[in-house]
Every structure is written in C-alpha cells, then in structure tokens.
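Dropping data25.txt in here (compact mmCIF, N, CA and C atoms):
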# COMPACT_ATOMS: atom_id res chain seq x y z
N MET A 1 -72.18 32.61 20.15
CA MET A 1 -71.01 32.62 20.99
C MET A 1 -69.75 32.89 20.17
N LYS A 2 -69.64 32.36 18.97
CA LYS A 2 -68.47 32.58 18.14
C LYS A 2 -68.34 34.04 17.75
N ILE A 3 -69.44 34.71 17.51
CA ILE A 3 -69.40 36.12 17.13
C ILE A 3 -68.81 36.95 18.27
N LEU A 4 -69.20 36.67 19.48
CA LEU A 4 -68.66 37.39 20.63
C LEU A 4 -67.16 37.18 20.76
N ILE A 5 -66.70 35.95 20.59
CA ILE A 5 -65.27 35.66 20.67
C ILE A 5 -64.52 36.39 19.56
N LEU A 6 -65.04 36.37 18.34
CA LEU A 6 -64.40 37.08 17.25
C LEU A 6 -64.36 38.58 17.52
N GLY A 7 -65.44 39.09 18.12
CA GLY A 7 -65.49 40.50 18.47
C GLY A 7 -64.39 40.87 19.45
N VAL A 8 -64.17 40.04 20.45
CA VAL A 8 -63.12 40.30 21.44
C VAL A 8 -61.75 40.24 20.79
N ILE A 9 -61.55 39.26 19.91
CA ILE A 9 -60.27 39.15 19.20
C ILE A 9 -60.03 40.39 18.35
N CYS A 10 -61.02 40.86 17.64
CA CYS A 10 -60.87 42.05 16.82
C CYS A 10 -60.56 43.27 17.69
N ILE A 11 -61.21 43.42 18.80
CA ILE A 11 -60.95 44.54 19.68
C ILE A 11 -59.51 44.49 20.17
N ASN A 12 -59.04 43.31 20.54
CA ASN A 12 -57.66 43.18 20.99
C ASN A 12 -56.67 43.52 19.88
N ILE A 13 -56.95 43.10 18.66
CA ILE A 13 -56.07 43.41 17.53
C ILE A 13 -56.05 44.92 17.29
N ILE A 14 -57.20 45.56 17.32
CA ILE A 14 -57.27 47.01 17.12
C ILE A 14 -56.48 47.72 18.21
N CYS A 15 -56.64 47.31 19.44
CA CYS A 15 -55.90 47.93 20.54
C CYS A 15 -54.40 47.76 20.35
N GLN A 16 -53.98 46.59 19.92
CA GLN A 16 -52.56 46.35 19.73
C GLN A 16 -52.01 47.21 18.59
N ILE A 17 -52.73 47.31 17.50
CA ILE A 17 -52.29 48.12 16.37
C ILE A 17 -52.23 49.59 16.78
N LYS A 18 -53.24 50.06 17.50
CA LYS A 18 -53.24 51.45 17.95
C LYS A 18 -52.04 51.71 18.86
N GLY A 19 -51.75 50.78 19.76
CA GLY A 19 -50.61 50.94 20.65
C GLY A 19 -49.30 50.98 19.90
N ASP A 20 -49.14 50.16 18.89
CA ASP A 20 -47.91 50.13 18.12
C ASP A 20 -47.77 51.36 17.23
N ALA A 21 -48.87 51.96 16.85
CA ALA A 21 -48.84 53.07 15.92
C ALA A 21 -48.73 54.43 16.60
N ASP A 22 -48.54 54.48 17.90
CA ASP A 22 -48.49 55.73 18.63
C ASP A 22 -47.03 56.11 18.91
N PRO A 23 -46.32 56.67 17.93
CA PRO A 23 -44.90 56.92 18.08
C PRO A 23 -44.56 58.28 18.67
N VAL A 24 -45.55 59.08 19.00
CA VAL A 24 -45.26 60.47 19.34
C VAL A 24 -45.67 60.87 20.74
N TRP A 25 -45.68 59.95 21.68
CA TRP A 25 -46.05 60.25 23.06
C TRP A 25 -44.93 61.01 23.75
N SER A 26 -45.29 62.01 24.53
CA SER A 26 -44.29 62.81 25.24
C SER A 26 -44.67 62.95 26.71
N SER A 27 -43.77 62.63 27.60
CA SER A 27 -44.03 62.81 29.02
C SER A 27 -43.93 64.29 29.39
N LYS A 28 -43.27 65.08 28.55
CA LYS A 28 -43.15 66.52 28.80
C LYS A 28 -44.52 67.17 28.79
N THR A 29 -45.37 66.78 27.85
CA THR A 29 -46.70 67.35 27.74
C THR A 29 -47.79 66.36 28.11
N ASP A 30 -47.39 65.15 28.48
CA ASP A 30 -48.31 64.09 28.86
C ASP A 30 -49.36 63.84 27.77
N GLY A 31 -48.89 63.79 26.54
CA GLY A 31 -49.76 63.54 25.40
C GLY A 31 -48.93 63.48 24.13
N ILE A 32 -49.56 63.81 23.02
CA ILE A 32 -48.86 63.81 21.75
C ILE A 32 -47.80 64.91 21.78
N ALA A 33 -46.60 64.58 21.34
CA ALA A 33 -45.51 65.55 21.31
C ALA A 33 -45.90 66.71 20.40
N HIS A 34 -45.87 67.92 20.92
CA HIS A 34 -46.31 69.09 20.16
C HIS A 34 -45.49 69.29 18.90
N SER A 35 -44.21 68.96 18.94
CA SER A 35 -43.37 69.16 17.75
C SER A 35 -43.78 68.25 16.61
N CYS A 36 -44.54 67.21 16.90
CA CYS A 36 -44.98 66.25 15.88
C CYS A 36 -46.44 66.42 15.52
N ASP A 37 -47.13 67.30 16.18
CA ASP A 37 -48.57 67.48 16.02
C ASP A 37 -48.84 68.69 15.14
N SER A 38 -49.38 68.46 13.95
CA SER A 38 -49.59 69.55 13.00
C SER A 38 -50.54 70.63 13.53
N SER A 39 -51.38 70.30 14.51
CA SER A 39 -52.27 71.31 15.07
C SER A 39 -51.51 72.37 15.88
N TRP A 40 -50.24 72.10 16.20
CA TRP A 40 -49.40 73.05 16.93
C TRP A 40 -48.52 73.88 16.00
N LYS A 41 -48.63 73.66 14.70
CA LYS A 41 -47.74 74.35 13.76
C LYS A 41 -47.85 75.87 13.87
N LYS A 42 -49.05 76.36 14.05
CA LYS A 42 -49.24 77.81 14.13
C LYS A 42 -48.52 78.39 15.36
N GLN A 43 -48.61 77.71 16.50
CA GLN A 43 -47.97 78.19 17.71
C GLN A 43 -46.45 78.06 17.65
N LEU A 44 -45.96 76.93 17.12
CA LEU A 44 -44.53 76.66 17.10
C LEU A 44 -43.83 77.22 15.86
N GLY A 45 -44.57 77.28 14.76
CA GLY A 45 -43.97 77.72 13.50
C GLY A 45 -43.40 76.57 12.69
N PHE A 46 -43.52 75.35 13.18
CA PHE A 46 -42.99 74.19 12.47
C PHE A 46 -43.70 72.93 12.95
N THR A 47 -43.60 71.87 12.17
CA THR A 47 -44.02 70.55 12.57
C THR A 47 -42.96 69.57 12.09
N CYS A 48 -42.40 68.82 13.02
CA CYS A 48 -41.38 67.83 12.67
C CYS A 48 -42.05 66.58 12.10
N SER A 49 -41.29 65.84 11.35
CA SER A 49 -41.76 64.56 10.84
C SER A 49 -41.36 63.49 11.85
N CYS A 50 -42.34 62.84 12.45
CA CYS A 50 -42.07 61.89 13.52
C CYS A 50 -42.56 60.50 13.16
N SER A 51 -41.66 59.57 13.15
CA SER A 51 -41.98 58.18 12.86
C SER A 51 -41.10 57.32 13.76
N LYS A 52 -41.70 56.66 14.67
CA LYS A 52 -40.98 55.89 15.69
C LYS A 52 -39.85 55.07 15.10
N PRO A 53 -38.65 55.21 15.54
CA PRO A 53 -38.13 56.03 16.64
C PRO A 53 -37.39 57.28 16.17
N ALA A 54 -37.65 57.74 14.94
CA ALA A 54 -36.92 58.88 14.38
C ALA A 54 -37.77 60.15 14.37
N VAL A 55 -37.10 61.28 14.62
CA VAL A 55 -37.74 62.58 14.54
C VAL A 55 -36.89 63.45 13.63
N ASP A 56 -37.52 63.95 12.58
CA ASP A 56 -36.82 64.77 11.59
C ASP A 56 -37.32 66.21 11.70
N CYS A 57 -36.48 67.07 12.26
CA CYS A 57 -36.80 68.49 12.41
C CYS A 57 -35.86 69.35 11.58
N LYS A 58 -35.27 68.77 10.54
CA LYS A 58 -34.33 69.56 9.74
C LYS A 58 -35.09 70.57 8.87
N ARG A 59 -34.39 71.69 8.64
CA ARG A 59 -34.91 72.77 7.79
C ARG A 59 -36.24 73.33 8.30
N MET A 60 -36.36 73.46 9.62
CA MET A 60 -37.59 74.00 10.22
C MET A 60 -37.39 75.41 10.77
N ASN A 61 -36.21 75.98 10.55
CA ASN A 61 -35.89 77.32 11.02
C ASN A 61 -35.98 77.43 12.54
N ILE A 62 -35.63 76.37 13.23
CA ILE A 62 -35.68 76.34 14.69
C ILE A 62 -34.47 77.08 15.24
N SER A 63 -34.73 78.02 16.12
CA SER A 63 -33.62 78.77 16.73
C SER A 63 -33.54 78.53 18.24
N ASN A 64 -34.60 78.00 18.81
CA ASN A 64 -34.63 77.76 20.25
C ASN A 64 -35.04 76.31 20.50
N ILE A 65 -34.15 75.55 21.05
CA ILE A 65 -34.41 74.13 21.26
C ILE A 65 -35.44 73.89 22.35
N GLU A 66 -35.67 74.88 23.19
CA GLU A 66 -36.68 74.75 24.24
C GLU A 66 -38.09 74.63 23.67
N ASP A 67 -38.29 75.05 22.42
CA ASP A 67 -39.60 74.94 21.77
C ASP A 67 -39.93 73.50 21.39
N LEU A 68 -38.92 72.62 21.38
CA LEU A 68 -39.13 71.25 20.96
C LEU A 68 -39.81 70.41 22.04
N ASP A 69 -40.73 69.60 21.61
CA ASP A 69 -41.35 68.59 22.47
C ASP A 69 -41.22 67.29 21.69
N ILE A 70 -40.23 66.50 22.05
CA ILE A 70 -39.86 65.31 21.29
C ILE A 70 -40.44 64.06 21.94
N PRO A 71 -40.90 63.10 21.13
CA PRO A 71 -41.41 61.84 21.70
C PRO A 71 -40.37 61.13 22.57
N ASP A 72 -40.84 60.52 23.63
CA ASP A 72 -39.96 59.87 24.61
C ASP A 72 -39.06 58.78 24.03
N GLU A 73 -39.52 58.04 23.05
CA GLU A 73 -38.76 56.90 22.55
C GLU A 73 -37.87 57.24 21.35
N THR A 74 -37.58 58.50 21.17
CA THR A 74 -36.76 58.95 20.04
C THR A 74 -35.32 58.46 20.19
N THR A 75 -34.82 57.77 19.18
CA THR A 75 -33.42 57.34 19.18
C THR A 75 -32.62 58.03 18.08
N ASN A 76 -33.31 58.64 17.11
CA ASN A 76 -32.66 59.32 16.00
C ASN A 76 -33.29 60.70 15.88
N LEU A 77 -32.50 61.74 16.16
CA LEU A 77 -33.02 63.12 16.14
C LEU A 77 -32.21 63.96 15.17
N ASP A 78 -32.88 64.50 14.16
CA ASP A 78 -32.22 65.33 13.16
C ASP A 78 -32.66 66.78 13.31
N LEU A 79 -31.73 67.61 13.76
CA LEU A 79 -31.96 69.05 13.92
C LEU A 79 -31.05 69.84 12.98
N SER A 80 -30.61 69.21 11.92
CA SER A 80 -29.69 69.87 10.99
C SER A 80 -30.41 70.93 10.16
N PHE A 81 -29.61 71.86 9.62
CA PHE A 81 -30.10 72.94 8.76
C PHE A 81 -31.14 73.81 9.47
N ASN A 82 -30.85 74.19 10.70
CA ASN A 82 -31.71 75.11 11.44
C ASN A 82 -30.90 76.34 11.81
N ASN A 83 -31.38 77.09 12.77
CA ASN A 83 -30.69 78.31 13.20
C ASN A 83 -30.29 78.25 14.66
N LEU A 84 -29.89 77.08 15.11
CA LEU A 84 -29.45 76.94 16.50
C LEU A 84 -28.08 77.57 16.66
N SER A 85 -27.94 78.45 17.63
CA SER A 85 -26.65 79.10 17.85
C SER A 85 -26.00 78.65 19.15
N SER A 86 -26.79 78.09 20.05
CA SER A 86 -26.25 77.67 21.34
C SER A 86 -27.00 76.45 21.84
N LEU A 87 -26.28 75.57 22.48
CA LEU A 87 -26.87 74.40 23.11
C LEU A 87 -26.39 74.32 24.55
N LEU A 88 -26.23 75.44 25.19
CA LEU A 88 -25.61 75.45 26.51
C LEU A 88 -26.09 74.28 27.36
N ASP A 89 -27.18 74.42 28.04
CA ASP A 89 -27.71 73.31 28.83
C ASP A 89 -29.08 72.88 28.31
N ASP A 90 -29.41 73.31 27.09
CA ASP A 90 -30.75 73.09 26.54
C ASP A 90 -31.12 71.63 26.37
N LEU A 91 -30.18 70.76 26.14
CA LEU A 91 -30.49 69.35 25.88
C LEU A 91 -30.59 68.51 27.15
N THR A 92 -30.30 69.09 28.31
CA THR A 92 -30.30 68.30 29.54
C THR A 92 -31.71 67.91 29.98
N GLY A 93 -32.73 68.58 29.48
CA GLY A 93 -34.09 68.29 29.90
C GLY A 93 -34.80 67.23 29.08
N PHE A 94 -34.17 66.70 28.05
CA PHE A 94 -34.83 65.71 27.20
C PHE A 94 -34.63 64.31 27.77
N PRO A 95 -35.71 63.56 27.95
CA PRO A 95 -35.62 62.24 28.57
C PRO A 95 -35.48 61.08 27.59
N PHE A 96 -35.20 61.34 26.34
CA PHE A 96 -35.22 60.25 25.37
C PHE A 96 -33.84 59.63 25.15
N PRO A 97 -33.81 58.38 24.71
CA PRO A 97 -32.57 57.61 24.55
C PRO A 97 -31.90 57.80 23.18
N VAL A 98 -31.53 59.00 22.83
CA VAL A 98 -30.98 59.29 21.51
C VAL A 98 -29.67 58.56 21.28
N GLU A 99 -29.59 57.89 20.13
CA GLU A 99 -28.37 57.21 19.71
C GLU A 99 -27.70 57.94 18.56
N GLU A 100 -28.49 58.67 17.76
CA GLU A 100 -27.95 59.43 16.63
C GLU A 100 -28.51 60.85 16.71
N LEU A 101 -27.61 61.83 16.74
CA LEU A 101 -28.00 63.23 16.86
C LEU A 101 -27.32 64.03 15.76
N PHE A 102 -28.13 64.66 14.92
CA PHE A 102 -27.64 65.43 13.78
C PHE A 102 -27.85 66.92 14.06
N LEU A 103 -26.75 67.65 14.21
CA LEU A 103 -26.81 69.08 14.49
C LEU A 103 -26.02 69.88 13.45
N SER A 104 -25.75 69.29 12.31
CA SER A 104 -24.95 69.96 11.28
C SER A 104 -25.71 71.14 10.67
N HIS A 105 -24.95 72.04 10.07
CA HIS A 105 -25.50 73.17 9.34
C HIS A 105 -26.41 74.04 10.20
N ASN A 106 -25.93 74.35 11.39
CA ASN A 106 -26.58 75.32 12.26
C ASN A 106 -25.60 76.47 12.45
N ASN A 107 -25.80 77.25 13.46
CA ASN A 107 -24.90 78.36 13.77
C ASN A 107 -24.29 78.17 15.16
N LEU A 108 -24.07 76.93 15.53
CA LEU A 108 -23.56 76.64 16.87
C LEU A 108 -22.18 77.23 17.08
N GLU A 109 -22.06 77.98 18.16
CA GLU A 109 -20.78 78.59 18.51
C GLU A 109 -20.21 78.02 19.80
N THR A 110 -21.09 77.64 20.72
CA THR A 110 -20.62 77.15 22.02
C THR A 110 -21.38 75.90 22.46
N LEU A 111 -20.70 75.11 23.24
CA LEU A 111 -21.28 73.93 23.88
C LEU A 111 -20.85 73.97 25.35
N SER A 112 -21.76 73.70 26.25
CA SER A 112 -21.38 73.68 27.66
C SER A 112 -20.97 72.27 28.05
N ASN A 113 -20.42 72.14 29.22
CA ASN A 113 -20.01 70.82 29.72
C ASN A 113 -21.21 69.92 29.98
N LEU A 114 -22.41 70.48 30.04
CA LEU A 114 -23.62 69.67 30.30
C LEU A 114 -24.45 69.41 29.05
N THR A 115 -24.05 69.93 27.91
CA THR A 115 -24.86 69.82 26.70
C THR A 115 -25.28 68.39 26.40
N PHE A 116 -24.37 67.45 26.46
CA PHE A 116 -24.67 66.06 26.09
C PHE A 116 -24.77 65.14 27.31
N TYR A 117 -24.99 65.70 28.46
CA TYR A 117 -25.02 64.95 29.71
C TYR A 117 -26.07 63.83 29.69
N ASN A 118 -27.24 64.10 29.11
CA ASN A 118 -28.34 63.11 29.09
C ASN A 118 -28.28 62.16 27.89
N PHE A 119 -27.13 62.02 27.25
CA PHE A 119 -27.03 61.18 26.06
C PHE A 119 -25.98 60.09 26.21
N PRO A 120 -26.09 59.23 27.21
CA PRO A 120 -25.09 58.19 27.40
C PRO A 120 -25.12 57.11 26.32
N LEU A 121 -26.20 57.03 25.55
CA LEU A 121 -26.32 56.01 24.50
C LEU A 121 -25.89 56.53 23.13
N LEU A 122 -25.47 57.78 23.05
CA LEU A 122 -25.13 58.40 21.79
C LEU A 122 -24.01 57.65 21.07
N LYS A 123 -24.29 57.25 19.82
CA LYS A 123 -23.32 56.53 19.00
C LYS A 123 -22.83 57.36 17.82
N PHE A 124 -23.66 58.32 17.39
CA PHE A 124 -23.31 59.15 16.24
C PHE A 124 -23.69 60.58 16.55
N LEU A 125 -22.76 61.50 16.37
CA LEU A 125 -23.00 62.92 16.61
C LEU A 125 -22.40 63.71 15.45
N ASP A 126 -23.24 64.50 14.78
CA ASP A 126 -22.77 65.31 13.65
C ASP A 126 -22.87 66.79 14.03
N LEU A 127 -21.72 67.41 14.22
CA LEU A 127 -21.63 68.83 14.54
C LEU A 127 -20.98 69.61 13.38
N SER A 128 -20.89 69.00 12.22
CA SER A 128 -20.20 69.62 11.08
C SER A 128 -20.94 70.87 10.60
N HIS A 129 -20.20 71.74 9.95
CA HIS A 129 -20.74 72.96 9.33
C HIS A 129 -21.44 73.85 10.35
N ASN A 130 -20.75 74.08 11.46
CA ASN A 130 -21.19 75.02 12.48
C ASN A 130 -20.09 76.04 12.69
N LYS A 131 -20.24 76.92 13.65
CA LYS A 131 -19.25 77.96 13.92
C LYS A 131 -18.44 77.65 15.18
N LEU A 132 -18.38 76.39 15.54
CA LEU A 132 -17.61 75.98 16.72
C LEU A 132 -16.13 76.20 16.45
N LYS A 133 -15.47 76.85 17.39
CA LYS A 133 -14.03 77.08 17.23
C LYS A 133 -13.26 76.25 18.23
N ALA A 134 -13.72 76.23 19.45
CA ALA A 134 -13.05 75.45 20.49
C ALA A 134 -14.04 75.16 21.59
N PHE A 135 -13.87 74.03 22.22
CA PHE A 135 -14.68 73.69 23.38
C PHE A 135 -13.89 72.72 24.23
N SER A 136 -14.28 72.64 25.47
CA SER A 136 -13.58 71.81 26.43
C SER A 136 -13.84 70.33 26.16
N PRO A 137 -12.84 69.48 26.35
CA PRO A 137 -13.06 68.04 26.22
C PRO A 137 -14.09 67.54 27.23
N ALA A 138 -14.34 68.32 28.27
CA ALA A 138 -15.33 67.94 29.28
C ALA A 138 -16.75 67.96 28.73
N VAL A 139 -16.93 68.48 27.52
CA VAL A 139 -18.25 68.48 26.89
C VAL A 139 -18.73 67.05 26.68
N PHE A 140 -17.82 66.11 26.50
CA PHE A 140 -18.16 64.74 26.19
C PHE A 140 -17.79 63.72 27.28
N PRO A 141 -17.97 64.03 28.56
CA PRO A 141 -17.48 63.11 29.60
C PRO A 141 -18.24 61.80 29.69
N VAL A 142 -19.53 61.82 29.45
CA VAL A 142 -20.32 60.60 29.65
C VAL A 142 -20.54 59.83 28.36
N ILE A 143 -20.08 60.35 27.26
CA ILE A 143 -20.33 59.71 25.98
C ILE A 143 -19.19 58.74 25.68
N ASN A 144 -19.33 57.55 26.14
CA ASN A 144 -18.32 56.52 25.87
C ASN A 144 -18.73 55.64 24.71
N SER A 145 -19.95 55.85 24.22
CA SER A 145 -20.49 54.96 23.20
C SER A 145 -20.35 55.48 21.78
N ILE A 146 -19.84 56.71 21.59
CA ILE A 146 -19.75 57.28 20.24
C ILE A 146 -18.87 56.42 19.36
N GLN A 147 -19.40 56.06 18.20
CA GLN A 147 -18.68 55.24 17.24
C GLN A 147 -18.23 56.05 16.04
N ARG A 148 -18.99 57.08 15.66
CA ARG A 148 -18.65 57.90 14.49
C ARG A 148 -18.90 59.35 14.82

As a first step, turn the structure in this file into structure tokens.
Amino acid sequence: MKILILGVICINIICQIKGDADPVWSSKTDGIAHSCDSSWKKQLGFTCSCSKPAVDCKRMNISNIEDLDIPDETTNLDLSFNNLSSLLDDLTGFPFPVEELFLSHNNLETLSNLTFYNFPLLKFLDLSHNKLKAFSPAVFPVINSIQR
C-alpha cells in the first residue's frame, strides 16, 4: 500500500514540475509557440530564446512581426537589433501582458495610433536608435503605466 501512495505522490510531483516548466504555450497556435520551438527555425529563419516570462528575439534579423508566435505569459519581450521598419497595427494581435518591450536598434520609421493599444501594463519601452522622426501623442493613449 505504501508503494502505491508513493507512486501517486511521484506522479503528482512530475505533473507539477512539467506544468511549471512549460513557459512557451501560445493560444495563437494552441501549442508550443513557434518562435520558441527550434523545429520551426527552418520555416521562420530564427528561434527566440524563451524562458518564462521573458522572450529574447534580439539579433534574429526579423523584419515582419507577424512571423512571431510569442508565449501567452510573456512580460518581457526583446525585439532589439532586428530589421523592423514598421509597427503600424502589427502588435494589436498579441494577447500577452508585456511590461517591458525592447524595440531599439531597428529601422522603425512610423508608429500608428494602435501600435501599443494592447499594452496597458507596459512599464518600460525602448524605441532608441530607430528612424522615428515624429509621431502623434495618440500613439500612447492607454499606456498610463510607463515608468521609464
């Protein structure tokens, strides 16, 4: 009887560890986020480094943000040192609660009024070293939480 109880306890521990170690779930693809899955590298041309709750996609030569499939629980997203030139409405489809967004060292020229619409929890935004010249203050209407 003790062996059976120990077996159940071990199974529960394994299930709990597996659940805690799954940082790359995406509702977009209803599975492992493709941007974090090395088996998708050939199709996408890159694989981001994903470790709950951070996703590091810097220096991946990404030019189209629509190619990204980011884990749902991402709070720190680094897209710096890529080839992004526009973020018009591309970020409105991401369902994750990003608090820190790094977009430095890209080729960003324009931002639309909806670019950061889905980021009400954003506390840090880095747009440095881009080609932005001017944009409307309406780009940041819902971001009341930015600290830096």

Tell me, as a PyMOL selection string, which residues lie within 7 Å of region 35-51 of chain A, counting only N, CA and C atoms; anything in the same chain fewer than 3 positions away does not count.
chain A and resi 23-24+32+54-58+60+67-71

Counting only N, CA and C atoms, closest pick from A:Ser27, A:Asn130, A:Ser136, A:Thr75 relative to Val98 (chain A) is A:Thr75

Neighbours of point (-21.1, 78.0, 14.7) within 6 Å, using only N, CA and C atoms, written as a PyMOL selection string:
chain A and resi 106-109+130-132

Of A:Asn113, A:Ile62, A:Leu103, A:Pro97, the one nearest to Ser80 (chain A) when counting only N, CA and C atoms is A:Leu103

For CA of Ser86 (chain A) and atom C of Thr110 (chain A), the interatomic separation in Å (one decimal):
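Atom C of Thr110 (chain A) lies 5.3 Å from CA of Ser86 (chain A).
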
For a cut-off of 8 Å around (-21.8, 72.4, 25.9), file coordinates, pick out all residues using only N, CA and C atoms and list them as a list in words.
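In the file's frame, the residues around the point are Ser86, Leu87, Leu88, Asp89, Asp90, Thr110, Leu111, Ser112, Asn113, Leu114, Thr115, Phe116, Tyr117, Phe135, Ser136, Ala138, Val139 and Phe140 of chain A.
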
Save out the residues we just selected, N, CA and C atoms, as an mmCIF file, keeping the file's coordinate frame.
data_model
loop_
_atom_site.group_PDB
_atom_site.id
_atom_site.type_symbol
_atom_site.label_atom_id
_atom_site.label_comp_id
_atom_site.auth_asym_id
_atom_site.auth_seq_id
_atom_site.Cartn_x
_atom_site.Cartn_y
_atom_site.Cartn_z
ATOM 1 N N SER A 86 -26.790 78.090 20.050
ATOM 2 C CA SER A 86 -26.250 77.670 21.340
ATOM 3 C C SER A 86 -27.000 76.450 21.840
ATOM 4 N N LEU A 87 -26.280 75.570 22.480
ATOM 5 C CA LEU A 87 -26.870 74.400 23.110
ATOM 6 C C LEU A 87 -26.390 74.320 24.550
ATOM 7 N N LEU A 88 -26.230 75.440 25.190
ATOM 8 C CA LEU A 88 -25.610 75.450 26.510
ATOM 9 C C LEU A 88 -26.090 74.280 27.360
ATOM 10 N N ASP A 89 -27.180 74.420 28.040
ATOM 11 C CA ASP A 89 -27.710 73.310 28.830
ATOM 12 C C ASP A 89 -29.080 72.880 28.310
ATOM 13 N N ASP A 90 -29.410 73.310 27.090
ATOM 14 C CA ASP A 90 -30.750 73.090 26.540
ATOM 15 C C ASP A 90 -31.120 71.630 26.370
ATOM 16 N N THR A 110 -21.090 77.640 20.720
ATOM 17 C CA THR A 110 -20.620 77.150 22.020
ATOM 18 C C THR A 110 -21.380 75.900 22.460
ATOM 19 N N LEU A 111 -20.700 75.110 23.240
ATOM 20 C CA LEU A 111 -21.280 73.930 23.880
ATOM 21 C C LEU A 111 -20.850 73.970 25.350
ATOM 22 N N SER A 112 -21.760 73.700 26.250
ATOM 23 C CA SER A 112 -21.380 73.680 27.660
ATOM 24 C C SER A 112 -20.970 72.270 28.050
ATOM 25 N N ASN A 113 -20.420 72.140 29.220
ATOM 26 C CA ASN A 113 -20.010 70.820 29.720
ATOM 27 C C ASN A 113 -21.210 69.920 29.980
ATOM 28 N N LEU A 114 -22.410 70.480 30.040
ATOM 29 C CA LEU A 114 -23.620 69.670 30.300
ATOM 30 C C LEU A 114 -24.450 69.410 29.050
ATOM 31 N N THR A 115 -24.050 69.930 27.910
ATOM 32 C CA THR A 115 -24.860 69.820 26.700
ATOM 33 C C THR A 115 -25.280 68.390 26.400
ATOM 34 N N PHE A 116 -24.370 67.450 26.460
ATOM 35 C CA PHE A 116 -24.670 66.060 26.090
ATOM 36 C C PHE A 116 -24.770 65.140 27.310
ATOM 37 N N TYR A 117 -24.990 65.700 28.460
ATOM 38 C CA TYR A 117 -25.020 64.950 29.710
ATOM 39 C C TYR A 117 -26.070 63.830 29.690
ATOM 40 N N PHE A 135 -13.870 74.030 22.220
ATOM 41 C CA PHE A 135 -14.680 73.690 23.380
ATOM 42 C C PHE A 135 -13.890 72.720 24.230
ATOM 43 N N SER A 136 -14.280 72.640 25.470
ATOM 44 C CA SER A 136 -13.580 71.810 26.430
ATOM 45 C C SER A 136 -13.840 70.330 26.160
ATOM 46 N N ALA A 138 -14.340 68.320 28.270
ATOM 47 C CA ALA A 138 -15.330 67.940 29.280
ATOM 48 C C ALA A 138 -16.750 67.960 28.730
ATOM 49 N N VAL A 139 -16.930 68.480 27.520
ATOM 50 C CA VAL A 139 -18.250 68.480 26.890
ATOM 51 C C VAL A 139 -18.730 67.050 26.680
ATOM 52 N N PHE A 140 -17.820 66.110 26.500
ATOM 53 C CA PHE A 140 -18.160 64.740 26.190
ATOM 54 C C PHE A 140 -17.790 63.720 27.280
#

Select from region 100-139 of chain A everything DSSP, run on the backbone, classes as strand (DSSP E), then give the selection as a count of residues only.
6

Between atom C of Glu100 (chain A) and atom N of Leu122 (chain A), what is the spacing in Å?
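So the answer is 7.7 Å.
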
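DSSP on the backbone gives helix (DSSP H, G or I) for these parts of region 22-79 of chain A: His34, Ser35, Cys36, Ser38, Ser39, Trp40, Lys41, Lys42, Gln43, Leu44, Ile65, Glu66 and Asp67 of chain A.
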
Mind writing the picked residues with N, CA and C atoms as a PDB file, keeping the file's coordinate frame?
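The file below, result_24.pdb, is the result:
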ATOM      1  N   HIS A  34     -45.870  67.920  20.920  1.00  0.00           N
ATOM      2  CA  HIS A  34     -46.310  69.090  20.160  1.00  0.00           C
ATOM      3  C   HIS A  34     -45.490  69.290  18.900  1.00  0.00           C
ATOM      4  N   SER A  35     -44.210  68.960  18.940  1.00  0.00           N
ATOM      5  CA  SER A  35     -43.370  69.160  17.750  1.00  0.00           C
ATOM      6  C   SER A  35     -43.780  68.250  16.610  1.00  0.00           C
ATOM      7  N   CYS A  36     -44.540  67.210  16.900  1.00  0.00           N
ATOM      8  CA  CYS A  36     -44.980  66.250  15.880  1.00  0.00           C
ATOM      9  C   CYS A  36     -46.440  66.420  15.520  1.00  0.00           C
ATOM     10  N   SER A  38     -49.380  68.460  13.950  1.00  0.00           N
ATOM     11  CA  SER A  38     -49.590  69.550  13.000  1.00  0.00           C
ATOM     12  C   SER A  38     -50.540  70.630  13.530  1.00  0.00           C
ATOM     13  N   SER A  39     -51.380  70.300  14.510  1.00  0.00           N
ATOM     14  CA  SER A  39     -52.270  71.310  15.070  1.00  0.00           C
ATOM     15  C   SER A  39     -51.510  72.370  15.880  1.00  0.00           C
ATOM     16  N   TRP A  40     -50.240  72.100  16.200  1.00  0.00           N
ATOM     17  CA  TRP A  40     -49.400  73.050  16.930  1.00  0.00           C
ATOM     18  C   TRP A  40     -48.520  73.880  16.000  1.00  0.00           C
ATOM     19  N   LYS A  41     -48.630  73.660  14.700  1.00  0.00           N
ATOM     20  CA  LYS A  41     -47.740  74.350  13.760  1.00  0.00           C
ATOM     21  C   LYS A  41     -47.850  75.870  13.870  1.00  0.00           C
ATOM     22  N   LYS A  42     -49.050  76.360  14.050  1.00  0.00           N
ATOM     23  CA  LYS A  42     -49.240  77.810  14.130  1.00  0.00           C
ATOM     24  C   LYS A  42     -48.520  78.390  15.360  1.00  0.00           C
ATOM     25  N   GLN A  43     -48.610  77.710  16.500  1.00  0.00           N
ATOM     26  CA  GLN A  43     -47.970  78.190  17.710  1.00  0.00           C
ATOM     27  C   GLN A  43     -46.450  78.060  17.650  1.00  0.00           C
ATOM     28  N   LEU A  44     -45.960  76.930  17.120  1.00  0.00           N
ATOM     29  CA  LEU A  44     -44.530  76.660  17.100  1.00  0.00           C
ATOM     30  C   LEU A  44     -43.830  77.220  15.860  1.00  0.00           C
ATOM     31  N   ILE A  65     -34.150  75.550  21.050  1.00  0.00           N
ATOM     32  CA  ILE A  65     -34.410  74.130  21.260  1.00  0.00           C
ATOM     33  C   ILE A  65     -35.440  73.890  22.350  1.00  0.00           C
ATOM     34  N   GLU A  66     -35.670  74.880  23.190  1.00  0.00           N
ATOM     35  CA  GLU A  66     -36.680  74.750  24.240  1.00  0.00           C
ATOM     36  C   GLU A  66     -38.090  74.630  23.670  1.00  0.00           C
ATOM     37  N   ASP A  67     -38.290  75.050  22.420  1.00  0.00           N
ATOM     38  CA  ASP A  67     -39.600  74.940  21.770  1.00  0.00           C
ATOM     39  C   ASP A  67     -39.930  73.500  21.390  1.00  0.00           C
TER      40      ASP A  67
END

Please measure the separation of atom N of Asp72 (chain A) and atom C of Ser26 (chain A), giving the value in Å to one decimal.
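So the two atoms, atom N of Asp72 (chain A) and atom C of Ser26 (chain A), lie 5.5 Å apart.
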